[in-house]
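For reference, model-v2.cif (mmCIF, C-alpha atoms):
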```
data_upload
loop_
_atom_site.label_atom_id
_atom_site.label_comp_id
_atom_site.auth_asym_id
_atom_site.auth_seq_id
_atom_site.Cartn_x
_atom_site.Cartn_y
_atom_site.Cartn_z
CA MET A 1 45.38 -29.13 -58.95
CA SER A 2 47.56 -27.46 -56.33
CA ALA A 3 46.34 -25.40 -53.41
CA ASP A 4 48.12 -22.36 -54.78
CA THR A 5 45.96 -19.83 -56.52
CA PHE A 6 47.50 -19.02 -59.85
CA LEU A 7 47.19 -15.32 -60.62
CA SER A 8 49.47 -13.22 -62.80
CA PHE A 9 49.35 -9.82 -64.41
CA ASP A 10 50.51 -8.18 -67.60
CA ILE A 11 50.57 -4.40 -67.59
CA SER A 12 50.64 -2.38 -70.80
CA THR A 13 50.06 1.24 -71.76
CA ARG A 14 48.25 2.55 -74.79
CA GLN A 15 48.03 6.20 -75.71
CA GLY A 16 44.55 7.66 -75.57
CA GLU A 17 43.33 10.94 -76.97
CA VAL A 18 44.62 12.94 -74.05
CA GLY A 19 46.89 10.56 -72.17
CA GLY A 20 48.06 7.05 -71.38
CA VAL A 21 45.60 4.31 -70.60
CA VAL A 22 47.08 1.49 -68.55
CA THR A 23 45.66 -1.97 -69.07
CA VAL A 24 46.18 -4.57 -66.37
CA ARG A 25 45.43 -8.02 -67.73
CA ALA A 26 44.83 -10.59 -65.02
CA THR A 27 45.11 -14.32 -65.61
CA GLY A 28 44.14 -17.02 -63.12
CA GLU A 29 41.88 -17.22 -60.08
CA ILE A 30 40.98 -14.48 -57.61
CA ASP A 31 39.96 -15.54 -54.12
CA LEU A 32 40.91 -14.82 -50.52
CA ALA A 33 44.36 -16.31 -51.12
CA SER A 34 45.14 -14.12 -54.11
CA ALA A 35 43.04 -10.96 -53.75
CA ASP A 36 45.94 -9.15 -52.11
CA ARG A 37 48.01 -9.71 -55.24
CA LEU A 38 45.30 -8.07 -57.33
CA SER A 39 45.17 -5.20 -54.87
CA LYS A 40 48.94 -4.72 -55.06
CA ALA A 41 48.87 -4.81 -58.85
CA LEU A 42 46.25 -2.06 -58.86
CA ASN A 43 48.20 -0.02 -56.33
CA GLY A 44 51.47 -0.01 -58.25
CA ASP A 45 52.84 3.38 -59.29
CA ASP A 46 52.38 2.62 -62.99
CA VAL A 47 48.68 2.08 -62.35
CA THR A 48 47.85 4.71 -59.75
CA GLN A 49 49.67 7.42 -61.72
CA ALA A 50 47.89 6.60 -64.97
CA GLY A 51 45.13 8.84 -66.19
CA ALA A 52 42.88 5.85 -66.77
CA VAL A 53 43.01 2.14 -66.01
CA ILE A 54 41.39 -0.84 -67.68
CA LEU A 55 41.40 -4.09 -65.73
CA ASP A 56 41.09 -6.94 -68.20
CA LEU A 57 39.44 -9.90 -66.47
CA ARG A 58 38.69 -11.94 -69.58
CA ASP A 59 41.29 -14.59 -68.66
CA VAL A 60 40.19 -14.87 -65.04
CA ALA A 61 38.87 -18.38 -64.48
CA PHE A 62 37.40 -17.70 -61.04
CA ILE A 63 36.53 -14.77 -58.80
CA ASP A 64 34.63 -14.50 -55.54
CA SER A 65 33.63 -11.65 -53.24
CA SER A 66 37.22 -11.28 -52.03
CA GLY A 67 38.09 -10.11 -55.52
CA LEU A 68 34.96 -8.06 -55.82
CA ARG A 69 35.95 -6.03 -52.77
CA VAL A 70 39.26 -5.20 -54.46
CA LEU A 71 37.40 -4.04 -57.56
CA MET A 72 35.09 -1.83 -55.51
CA THR A 73 38.09 -0.24 -53.78
CA ALA A 74 39.79 0.39 -57.12
CA GLU A 75 36.60 1.97 -58.45
CA ARG A 76 36.64 4.39 -55.52
CA GLU A 77 40.34 5.19 -55.61
CA LEU A 78 41.28 5.30 -59.30
CA ALA A 79 40.32 8.35 -61.31
CA GLU A 80 39.07 6.45 -64.34
CA PHE A 81 38.55 2.72 -64.04
CA ALA A 82 36.91 0.28 -66.40
CA LEU A 83 36.58 -3.48 -66.37
CA LEU A 84 36.83 -5.76 -69.37
CA VAL A 85 34.86 -8.97 -68.91
CA ALA A 86 34.05 -12.02 -71.02
CA THR A 87 30.37 -12.74 -71.43
CA GLU A 88 29.03 -15.77 -69.55
CA SER A 89 32.32 -16.08 -67.68
CA PRO A 90 32.74 -16.63 -63.92
CA VAL A 91 33.39 -12.89 -63.58
CA ASP A 92 30.22 -12.06 -65.49
CA ARG A 93 28.31 -14.56 -63.33
CA LEU A 94 29.51 -12.94 -60.09
CA PHE A 95 28.64 -9.47 -61.39
CA GLU A 96 25.18 -10.70 -62.33
CA LEU A 97 24.59 -12.31 -58.93
CA THR A 98 25.72 -9.25 -57.01
CA GLU A 99 24.12 -6.75 -59.42
CA ILE A 100 27.39 -4.84 -59.19
CA ASN A 101 27.33 -3.58 -62.77
CA SER A 102 25.55 -0.41 -61.71
CA HIS A 103 28.52 0.46 -59.48
CA LEU A 104 31.30 -0.45 -61.90
CA SER A 105 32.10 0.44 -65.50
CA VAL A 106 31.89 -2.94 -67.20
CA PHE A 107 32.60 -3.58 -70.88
CA PHE A 108 32.64 -6.70 -72.98
CA ASP A 109 35.01 -5.58 -75.74
CA GLU A 110 38.35 -3.87 -75.63
CA GLU A 111 37.59 -0.97 -77.93
CA SER A 112 34.49 0.03 -76.00
CA ALA A 113 36.42 0.01 -72.74
CA PHE A 114 39.25 2.00 -74.24
CA ALA A 115 36.90 4.50 -75.85
CA ALA A 116 35.09 5.00 -72.57
CA VAL A 117 38.18 5.89 -70.57
CA SER A 118 40.69 7.21 -73.09
CA GLY A 119 39.01 10.52 -73.76
CA LYS A 120 38.92 11.19 -70.04
CA ALA A 121 42.55 10.35 -69.35
CA GLU A 122 44.67 13.31 -68.35
CA ALA A 123 47.93 14.01 -70.17
CA MET B 1 38.19 -39.87 -62.43
CA SER B 2 35.14 -40.74 -64.50
CA ALA B 3 31.56 -40.17 -63.53
CA ALA B 4 31.11 -43.92 -63.18
CA SER B 5 33.92 -44.22 -60.69
CA ALA B 6 33.37 -40.90 -58.95
CA ALA B 7 33.54 -41.01 -55.18
CA SER B 8 30.15 -40.79 -53.51
CA GLU B 9 31.46 -38.34 -50.97
CA LEU B 10 34.36 -36.03 -50.25
CA VAL B 11 35.73 -35.28 -46.80
CA LEU B 12 38.34 -32.61 -46.12
CA ASP B 13 39.79 -31.10 -42.96
CA LEU B 14 41.70 -27.92 -43.64
CA PRO B 15 43.55 -25.37 -41.50
CA SER B 16 42.00 -21.93 -41.24
CA ARG B 17 44.14 -19.98 -43.66
CA PRO B 18 43.48 -18.28 -47.01
CA SER B 19 45.00 -21.05 -49.12
CA SER B 20 42.36 -23.41 -47.74
CA VAL B 21 39.76 -21.46 -49.72
CA THR B 22 41.55 -22.50 -52.88
CA SER B 23 42.13 -26.07 -51.70
CA ALA B 24 38.49 -26.60 -50.76
CA ARG B 25 37.18 -25.06 -53.97
CA HIS B 26 39.49 -27.10 -56.17
CA ALA B 27 38.68 -30.35 -54.35
CA VAL B 28 34.92 -29.88 -54.44
CA THR B 29 35.03 -28.72 -58.06
CA GLU B 30 36.99 -31.80 -59.11
CA TRP B 31 34.64 -34.05 -57.15
CA ALA B 32 31.54 -32.47 -58.68
CA ALA B 33 33.03 -32.44 -62.18
CA ALA B 34 33.64 -36.17 -61.89
CA LEU B 35 29.91 -36.55 -61.36
CA GLY B 36 29.36 -34.74 -64.64
CA VAL B 37 27.56 -31.71 -63.26
CA SER B 38 28.08 -28.01 -63.83
CA THR B 39 30.51 -26.79 -61.20
CA GLY B 40 30.66 -22.99 -61.48
CA ASP B 41 28.07 -22.10 -58.85
CA ILE B 42 29.25 -24.81 -56.46
CA ALA B 43 32.81 -23.49 -56.73
CA LEU B 44 31.70 -19.97 -55.90
CA ALA B 45 29.52 -21.05 -52.98
CA VAL B 46 32.28 -23.20 -51.46
CA SER B 47 34.78 -20.37 -51.89
CA GLU B 48 32.47 -17.95 -50.09
CA ALA B 49 31.69 -20.37 -47.27
CA VAL B 50 35.31 -21.26 -46.59
CA ALA B 51 36.43 -17.63 -46.93
CA ASN B 52 33.81 -16.62 -44.36
CA ALA B 53 35.16 -19.21 -41.96
CA VAL B 54 38.78 -18.12 -42.50
CA MET B 55 37.95 -14.43 -42.05
CA HIS B 56 35.42 -14.55 -39.24
CA ALA B 57 35.34 -17.84 -37.35
CA PHE B 58 38.55 -17.50 -35.40
CA GLN B 59 38.74 -13.82 -34.60
CA GLY B 60 40.42 -13.31 -31.24
CA ARG B 61 41.61 -16.89 -30.93
CA ALA B 62 43.97 -19.34 -32.58
CA PRO B 63 43.02 -20.57 -36.05
CA GLY B 64 41.15 -23.86 -35.99
CA THR B 65 39.89 -26.38 -38.50
CA ILE B 66 37.49 -26.05 -41.39
CA SER B 67 35.78 -29.27 -42.42
CA VAL B 68 34.27 -29.74 -45.85
CA HIS B 69 31.95 -32.61 -46.66
CA ALA B 70 30.33 -33.19 -50.04
CA SER B 71 27.88 -35.93 -50.90
CA ARG B 72 25.17 -36.70 -53.38
CA ASN B 73 21.65 -37.99 -53.09
CA ALA B 74 19.00 -38.67 -55.69
CA LYS B 75 18.06 -35.03 -56.06
CA ALA B 76 21.01 -32.89 -55.06
CA LEU B 77 24.64 -32.45 -54.21
CA VAL B 78 25.05 -31.42 -50.60
CA VAL B 79 28.16 -29.53 -49.50
CA THR B 80 28.72 -28.73 -45.84
CA VAL B 81 31.37 -26.31 -44.60
CA ALA B 82 31.87 -26.41 -40.83
CA ASP B 83 34.33 -24.68 -38.54
CA ASP B 84 35.11 -25.02 -34.84
CA GLY B 85 35.30 -21.27 -34.31
CA ILE B 86 33.43 -18.68 -32.31
CA GLY B 87 30.18 -18.79 -34.26
CA MET B 88 28.45 -16.07 -36.20
CA THR B 89 27.71 -12.94 -34.24
CA PRO B 90 24.86 -10.63 -35.23
CA ASN B 91 26.89 -7.45 -35.34
CA LEU B 92 30.10 -8.39 -37.08
CA GLU B 93 31.92 -5.38 -38.37
CA SER B 94 34.21 -7.48 -40.50
CA PRO B 95 33.74 -6.65 -44.16
CA GLY B 96 32.38 -9.18 -46.56
CA LEU B 97 30.35 -11.45 -44.36
CA GLY B 98 27.04 -10.16 -45.67
CA MET B 99 28.09 -10.45 -49.29
CA GLY B 100 29.29 -14.03 -48.86
CA VAL B 101 26.12 -15.16 -47.11
CA SER B 102 23.97 -13.39 -49.68
CA LEU B 103 25.84 -15.06 -52.53
CA ILE B 104 25.56 -18.51 -50.96
CA SER B 105 21.82 -18.01 -50.54
CA LYS B 106 21.50 -17.15 -54.23
CA LEU B 107 23.72 -19.99 -55.46
CA ALA B 108 22.39 -22.91 -53.43
CA SER B 109 18.97 -24.42 -53.95
CA ASP B 110 18.70 -24.73 -50.20
CA VAL B 111 21.00 -23.52 -47.44
CA HIS B 112 21.03 -23.94 -43.68
CA PHE B 113 23.18 -21.99 -41.25
CA ASP B 114 23.80 -23.42 -37.80
CA SER B 115 25.92 -21.38 -35.45
CA SER B 116 26.87 -21.59 -31.80
CA ASP B 117 29.88 -20.81 -29.65
CA ARG B 118 31.28 -24.15 -30.83
CA GLY B 119 31.35 -23.09 -34.45
CA THR B 120 29.35 -22.54 -37.59
CA THR B 121 28.04 -25.03 -40.12
CA ILE B 122 26.78 -24.03 -43.55
CA ALA B 123 24.92 -26.81 -45.36
CA MET B 124 24.29 -26.07 -49.03
CA SER B 125 22.22 -28.16 -51.45
CA PHE B 126 22.48 -27.86 -55.21
CA ASP B 127 19.60 -29.43 -57.13
CA LEU B 128 20.71 -31.78 -59.86
CA ASP B 129 17.87 -30.49 -62.01
CA ILE B 130 19.65 -27.14 -62.06
CA LEU B 131 23.22 -28.44 -62.21
CA GLY B 132 22.49 -30.95 -64.96
CA GLY B 133 24.42 -34.14 -65.64
CA MET B 134 24.57 -37.43 -63.72
CA GLY B 135 21.53 -38.78 -65.59
#
```
Mind turning this structure into structure tokens?
Amino acid sequence: MSADTFLSFDISTRQGEVGGVVTVRATGEIDLASADRLSKALNGDDVTQAGAVILDLRDVAFIDSSGLRVLMTAERELAEFALLVATESPVDRLFELTEINSHLSVFFDEESAFAAVSGKAEA
Amino acid sequence: MSAASAASELVLDLPSRPSSVTSARHAVTEWAAALGVSTGDIALAVSEAVANAVMHAFQGRAPGTISVHASRNAKALVVTVADDGIGMTPNLESPGLGMGVSLISKLASDVHFDSSDRGTTIAMSFDLDILGGMG
């Protein structure tokens, strides 16, 4: 396994009831070496100008507190922000250990996440 | 590498830079996986320990070396992350140090921090009873 942290993003938009919901799907590992890439992905114009954002972390194989800090910043700065997480995954494990769920909007299925943010998204 | 032929210990010396977090985590994870144990919590603890060293150990001076040592005994895997930096200071304003230390304390069965102006050593034990495997 190389020293490089593999992390990539797919960004898509789906129309909600009152506006576009951008989904950022992350794949790979999030640590100190790659957290900046996650931060940049969440600070792109297509994300920051969206009415609502879902960050899909279901394909993230690893995350540590470096990634968690990026998520906390996004929660503060984005108008509507939800996280999509796989149960019993490394992301779920970190959230459980840090008891961060009370500070973030965490969902385990796509439709619930979309329903939670789509009605709030501005046109 | 099979569990039968797994190395009894792992020794790494890495430069203090962000990619070393990944390198250390991958190396320790592969080493532990070869022993047949669950690796998720070890991976997270190693990542936090090395990230702490990269972010905090060399502030105000040139980056140094981070040494990772992993070994096994009858009851536990022991992973030590040591740096030759400035040591932990009680009033660090750098973000993240508290979260990393808190996580390590939750993940490891036993953890010892040793810090001086010659560097910081974090020794983490992971009970095999909790990790499973190895027989």
task = Rounded to one decimal place, report the CA of Leu131 in chain B-CA of Ala82 in chain B distance in Å.
result =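 Taking CA of Leu131 in chain B and CA of Ala82 in chain B, their separation equals 23.2 Å.
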query = Applied to this file, what does the PyMOL selection byres ((chain B) within 7 of (chain A)) return in terms of residues, put as a PyMOL selection string?
reply = chain B and resi 18-19+21-23+26+44+47-48+51+99-100
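Taking CA of Ala115 in chain A as the reference point, CA of Ala50 in chain A is found at 15.6 Å.
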Please determine an axis-aligned box that encloses all atoms of range 99-103 of chain B listed in the file, with 4 Å added on each side, and express its centre and edge lengths in Å to one decimal as JSON.
```
{"center_x": 26.6, "center_y": -12.8, "center_z": -49.8, "size_x": 13.3, "size_y": 12.7, "size_z": 13.4}
```
inquiry  = When you count all atoms listed in the file, which of these residues is closest to Glu9 in chain B: B:Ser71, B:Gln59, B:Thr65, B:Thr29?
reply    =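 Closest to Glu9 in chain B, using all atoms listed in the file: B:Ser71.
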Taking the file above as input, evaluate the PyMOL selection byres ((chain B and resi 107-119) around 6) and report the hits as an mmCIF file with C-alpha atoms, keeping the file's coordinate frame.
```
data_model
loop_
_atom_site.group_PDB
_atom_site.id
_atom_site.type_symbol
_atom_site.label_atom_id
_atom_site.label_comp_id
_atom_site.auth_asym_id
_atom_site.auth_seq_id
_atom_site.Cartn_x
_atom_site.Cartn_y
_atom_site.Cartn_z
ATOM 1 C CA ASP B 41 28.070 -22.100 -58.850
ATOM 2 C CA ASP B 83 34.330 -24.680 -38.540
ATOM 3 C CA ASP B 84 35.110 -25.020 -34.840
ATOM 4 C CA GLY B 85 35.300 -21.270 -34.310
ATOM 5 C CA ILE B 86 33.430 -18.680 -32.310
ATOM 6 C CA GLY B 87 30.180 -18.790 -34.260
ATOM 7 C CA MET B 88 28.450 -16.070 -36.200
ATOM 8 C CA ILE B 104 25.560 -18.510 -50.960
ATOM 9 C CA SER B 105 21.820 -18.010 -50.540
ATOM 10 C CA LYS B 106 21.500 -17.150 -54.230
ATOM 11 C CA THR B 120 29.350 -22.540 -37.590
ATOM 12 C CA THR B 121 28.040 -25.030 -40.120
ATOM 13 C CA ILE B 122 26.780 -24.030 -43.550
ATOM 14 C CA ALA B 123 24.920 -26.810 -45.360
ATOM 15 C CA MET B 124 24.290 -26.070 -49.030
ATOM 16 C CA SER B 125 22.220 -28.160 -51.450
ATOM 17 C CA PHE B 126 22.480 -27.860 -55.210
ATOM 18 C CA ASP B 127 19.600 -29.430 -57.130
#
```
Quick one: apply the PyMOL selection byres ((chain A and resi 11-27) around 7) to the file and drop the selected residues here as an mmCIF file with C-alpha atoms, in the coordinates of the input.
```
data_model
loop_
_atom_site.group_PDB
_atom_site.id
_atom_site.type_symbol
_atom_site.label_atom_id
_atom_site.label_comp_id
_atom_site.auth_asym_id
_atom_site.auth_seq_id
_atom_site.Cartn_x
_atom_site.Cartn_y
_atom_site.Cartn_z
ATOM 1 C CA LEU A 7 47.190 -15.320 -60.620
ATOM 2 C CA SER A 8 49.470 -13.220 -62.800
ATOM 3 C CA PHE A 9 49.350 -9.820 -64.410
ATOM 4 C CA ASP A 10 50.510 -8.180 -67.600
ATOM 5 C CA GLY A 28 44.140 -17.020 -63.120
ATOM 6 C CA VAL A 47 48.680 2.080 -62.350
ATOM 7 C CA ALA A 50 47.890 6.600 -64.970
ATOM 8 C CA GLY A 51 45.130 8.840 -66.190
ATOM 9 C CA ALA A 52 42.880 5.850 -66.770
ATOM 10 C CA VAL A 53 43.010 2.140 -66.010
ATOM 11 C CA ILE A 54 41.390 -0.840 -67.680
ATOM 12 C CA LEU A 55 41.400 -4.090 -65.730
ATOM 13 C CA ASP A 56 41.090 -6.940 -68.200
ATOM 14 C CA LEU A 57 39.440 -9.900 -66.470
ATOM 15 C CA ASP A 59 41.290 -14.590 -68.660
ATOM 16 C CA VAL A 60 40.190 -14.870 -65.040
ATOM 17 C CA SER A 118 40.690 7.210 -73.090
ATOM 18 C CA GLY A 119 39.010 10.520 -73.760
ATOM 19 C CA ALA A 121 42.550 10.350 -69.350
ATOM 20 C CA GLU A 122 44.670 13.310 -68.350
ATOM 21 C CA ALA A 123 47.930 14.010 -70.170
#
```
query = Using only C-alpha atoms, which of the listed residues (A:Phe108, A:Val70, A:Leu42, A:Thr48) sits closest to Thr87 in chain A?
reply =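 Distance minimum relative to Thr87 in chain A lands on A:Phe108.
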Reconstruct range 15-48 of chain A at the level of N, CA and C atoms, and format the result as a JSON list (two decimals), in the frame of the given file.
```
[["chain", "number", "residue", "atom", "x", "y", "z"],
["A", 15, "GLN", "N", 48.30, 4.77, -75.72],
["A", 15, "GLN", "CA", 48.03, 6.20, -75.71],
["A", 15, "GLN", "C", 46.58, 6.50, -76.10],
["A", 16, "GLY", "N", 45.89, 7.22, -75.24],
["A", 16, "GLY", "CA", 44.55, 7.66, -75.57],
["A", 16, "GLY", "C", 44.57, 9.05, -76.17],
["A", 17, "GLU", "N", 43.42, 9.63, -76.34],
["A", 17, "GLU", "CA", 43.33, 10.94, -76.97],
["A", 17, "GLU", "C", 44.07, 12.00, -76.17],
["A", 18, "VAL", "N", 43.99, 11.90, -74.88],
["A", 18, "VAL", "CA", 44.62, 12.94, -74.05],
["A", 18, "VAL", "C", 45.56, 12.36, -72.99],
["A", 19, "GLY", "N", 45.96, 11.10, -73.15],
["A", 19, "GLY", "CA", 46.89, 10.56, -72.17],
["A", 19, "GLY", "C", 46.97, 9.05, -72.24],
["A", 20, "GLY", "N", 47.85, 8.49, -71.38],
["A", 20, "GLY", "CA", 48.06, 7.05, -71.38],
["A", 20, "GLY", "C", 46.97, 6.30, -70.65],
["A", 21, "VAL", "N", 46.56, 5.20, -71.24],
["A", 21, "VAL", "CA", 45.60, 4.31, -70.60],
["A", 21, "VAL", "C", 46.34, 3.01, -70.26],
["A", 22, "VAL", "N", 46.40, 2.71, -68.99],
["A", 22, "VAL", "CA", 47.08, 1.49, -68.55],
["A", 22, "VAL", "C", 46.08, 0.34, -68.52],
["A", 23, "THR", "N", 46.48, -0.76, -69.13],
["A", 23, "THR", "CA", 45.66, -1.97, -69.07],
["A", 23, "THR", "C", 46.37, -3.01, -68.22],
["A", 24, "VAL", "N", 45.68, -3.49, -67.21],
["A", 24, "VAL", "CA", 46.18, -4.57, -66.37],
["A", 24, "VAL", "C", 45.40, -5.83, -66.74],
["A", 25, "ARG", "N", 46.10, -6.79, -67.32],
["A", 25, "ARG", "CA", 45.43, -8.02, -67.73],
["A", 25, "ARG", "C", 45.73, -9.11, -66.71],
["A", 26, "ALA", "N", 44.68, -9.56, -66.06],
["A", 26, "ALA", "CA", 44.83, -10.59, -65.02],
["A", 26, "ALA", "C", 44.53, -11.96, -65.61],
["A", 27, "THR", "N", 45.32, -12.94, -65.18],
["A", 27, "THR", "CA", 45.11, -14.32, -65.61],
["A", 27, "THR", "C", 45.14, -15.22, -64.38],
["A", 28, "GLY", "N", 44.13, -16.08, -64.23],
["A", 28, "GLY", "CA", 44.14, -17.02, -63.12],
["A", 28, "GLY", "C", 42.88, -16.94, -62.30],
["A", 29, "GLU", "N", 43.02, -17.15, -60.99],
["A", 29, "GLU", "CA", 41.88, -17.22, -60.08],
["A", 29, "GLU", "C", 42.04, -16.17, -58.98],
["A", 30, "ILE", "N", 40.94, -15.51, -58.65],
["A", 30, "ILE", "CA", 40.98, -14.48, -57.61],
["A", 30, "ILE", "C", 40.08, -14.91, -56.46],
["A", 31, "ASP", "N", 40.71, -15.18, -55.33],
["A", 31, "ASP", "CA", 39.96, -15.54, -54.12],
["A", 31, "ASP", "C", 40.68, -14.94, -52.92],
["A", 32, "LEU", "N", 40.32, -15.39, -51.73],
["A", 32, "LEU", "CA", 40.91, -14.82, -50.52],
["A", 32, "LEU", "C", 42.43, -14.97, -50.51],
["A", 33, "ALA", "N", 42.91, -16.05, -51.12],
["A", 33, "ALA", "CA", 44.36, -16.31, -51.12],
["A", 33, "ALA", "C", 45.11, -15.43, -52.09],
["A", 34, "SER", "N", 44.44, -14.88, -53.07],
["A", 34, "SER", "CA", 45.14, -14.12, -54.11],
["A", 34, "SER", "C", 44.66, -12.68, -54.26],
["A", 35, "ALA", "N", 43.60, -12.30, -53.56],
["A", 35, "ALA", "CA", 43.04, -10.96, -53.75],
["A", 35, "ALA", "C", 44.05, -9.87, -53.42],
["A", 36, "ASP", "N", 44.92, -10.14, -52.45],
["A", 36, "ASP", "CA", 45.94, -9.15, -52.11],
["A", 36, "ASP", "C", 46.87, -8.87, -53.29],
["A", 37, "ARG", "N", 47.13, -9.90, -54.08],
["A", 37, "ARG", "CA", 48.01, -9.71, -55.24],
["A", 37, "ARG", "C", 47.33, -8.81, -56.28],
["A", 38, "LEU", "N", 46.03, -8.96, -56.43],
["A", 38, "LEU", "CA", 45.30, -8.07, -57.33],
["A", 38, "LEU", "C", 45.34, -6.65, -56.80],
["A", 39, "SER", "N", 45.15, -6.51, -55.48],
["A", 39, "SER", "CA", 45.17, -5.20, -54.87],
["A", 39, "SER", "C", 46.52, -4.52, -55.08],
["A", 40, "LYS", "N", 47.59, -5.29, -54.88],
["A", 40, "LYS", "CA", 48.94, -4.72, -55.06],
["A", 40, "LYS", "C", 49.18, -4.33, -56.51],
["A", 41, "ALA", "N", 48.69, -5.14, -57.43],
["A", 41, "ALA", "CA", 48.87, -4.81, -58.85],
["A", 41, "ALA", "C", 48.17, -3.50, -59.19],
["A", 42, "LEU", "N", 47.01, -3.28, -58.57],
["A", 42, "LEU", "CA", 46.25, -2.06, -58.86],
["A", 42, "LEU", "C", 46.74, -0.86, -58.06],
["A", 43, "ASN", "N", 47.65, -1.11, -57.13],
["A", 43, "ASN", "CA", 48.20, -0.02, -56.33],
["A", 43, "ASN", "C", 49.64, 0.30, -56.72],
["A", 44, "GLY", "N", 50.13, -0.32, -57.77],
["A", 44, "GLY", "CA", 51.47, -0.01, -58.25],
["A", 44, "GLY", "C", 51.51, 1.40, -58.83],
["A", 45, "ASP", "N", 52.70, 2.00, -58.82],
["A", 45, "ASP", "CA", 52.84, 3.38, -59.29],
["A", 45, "ASP", "C", 52.41, 3.53, -60.75],
["A", 46, "ASP", "N", 52.73, 2.50, -61.57],
["A", 46, "ASP", "CA", 52.38, 2.62, -62.99],
["A", 46, "ASP", "C", 50.88, 2.62, -63.21],
["A", 47, "VAL", "N", 50.14, 2.11, -62.24],
["A", 47, "VAL", "CA", 48.68, 2.08, -62.35],
["A", 47, "VAL", "C", 48.06, 3.32, -61.70],
["A", 48, "THR", "N", 48.48, 3.60, -60.48],
["A", 48, "THR", "CA", 47.85, 4.71, -59.75],
["A", 48, "THR", "C", 48.17, 6.07, -60.38]]
```
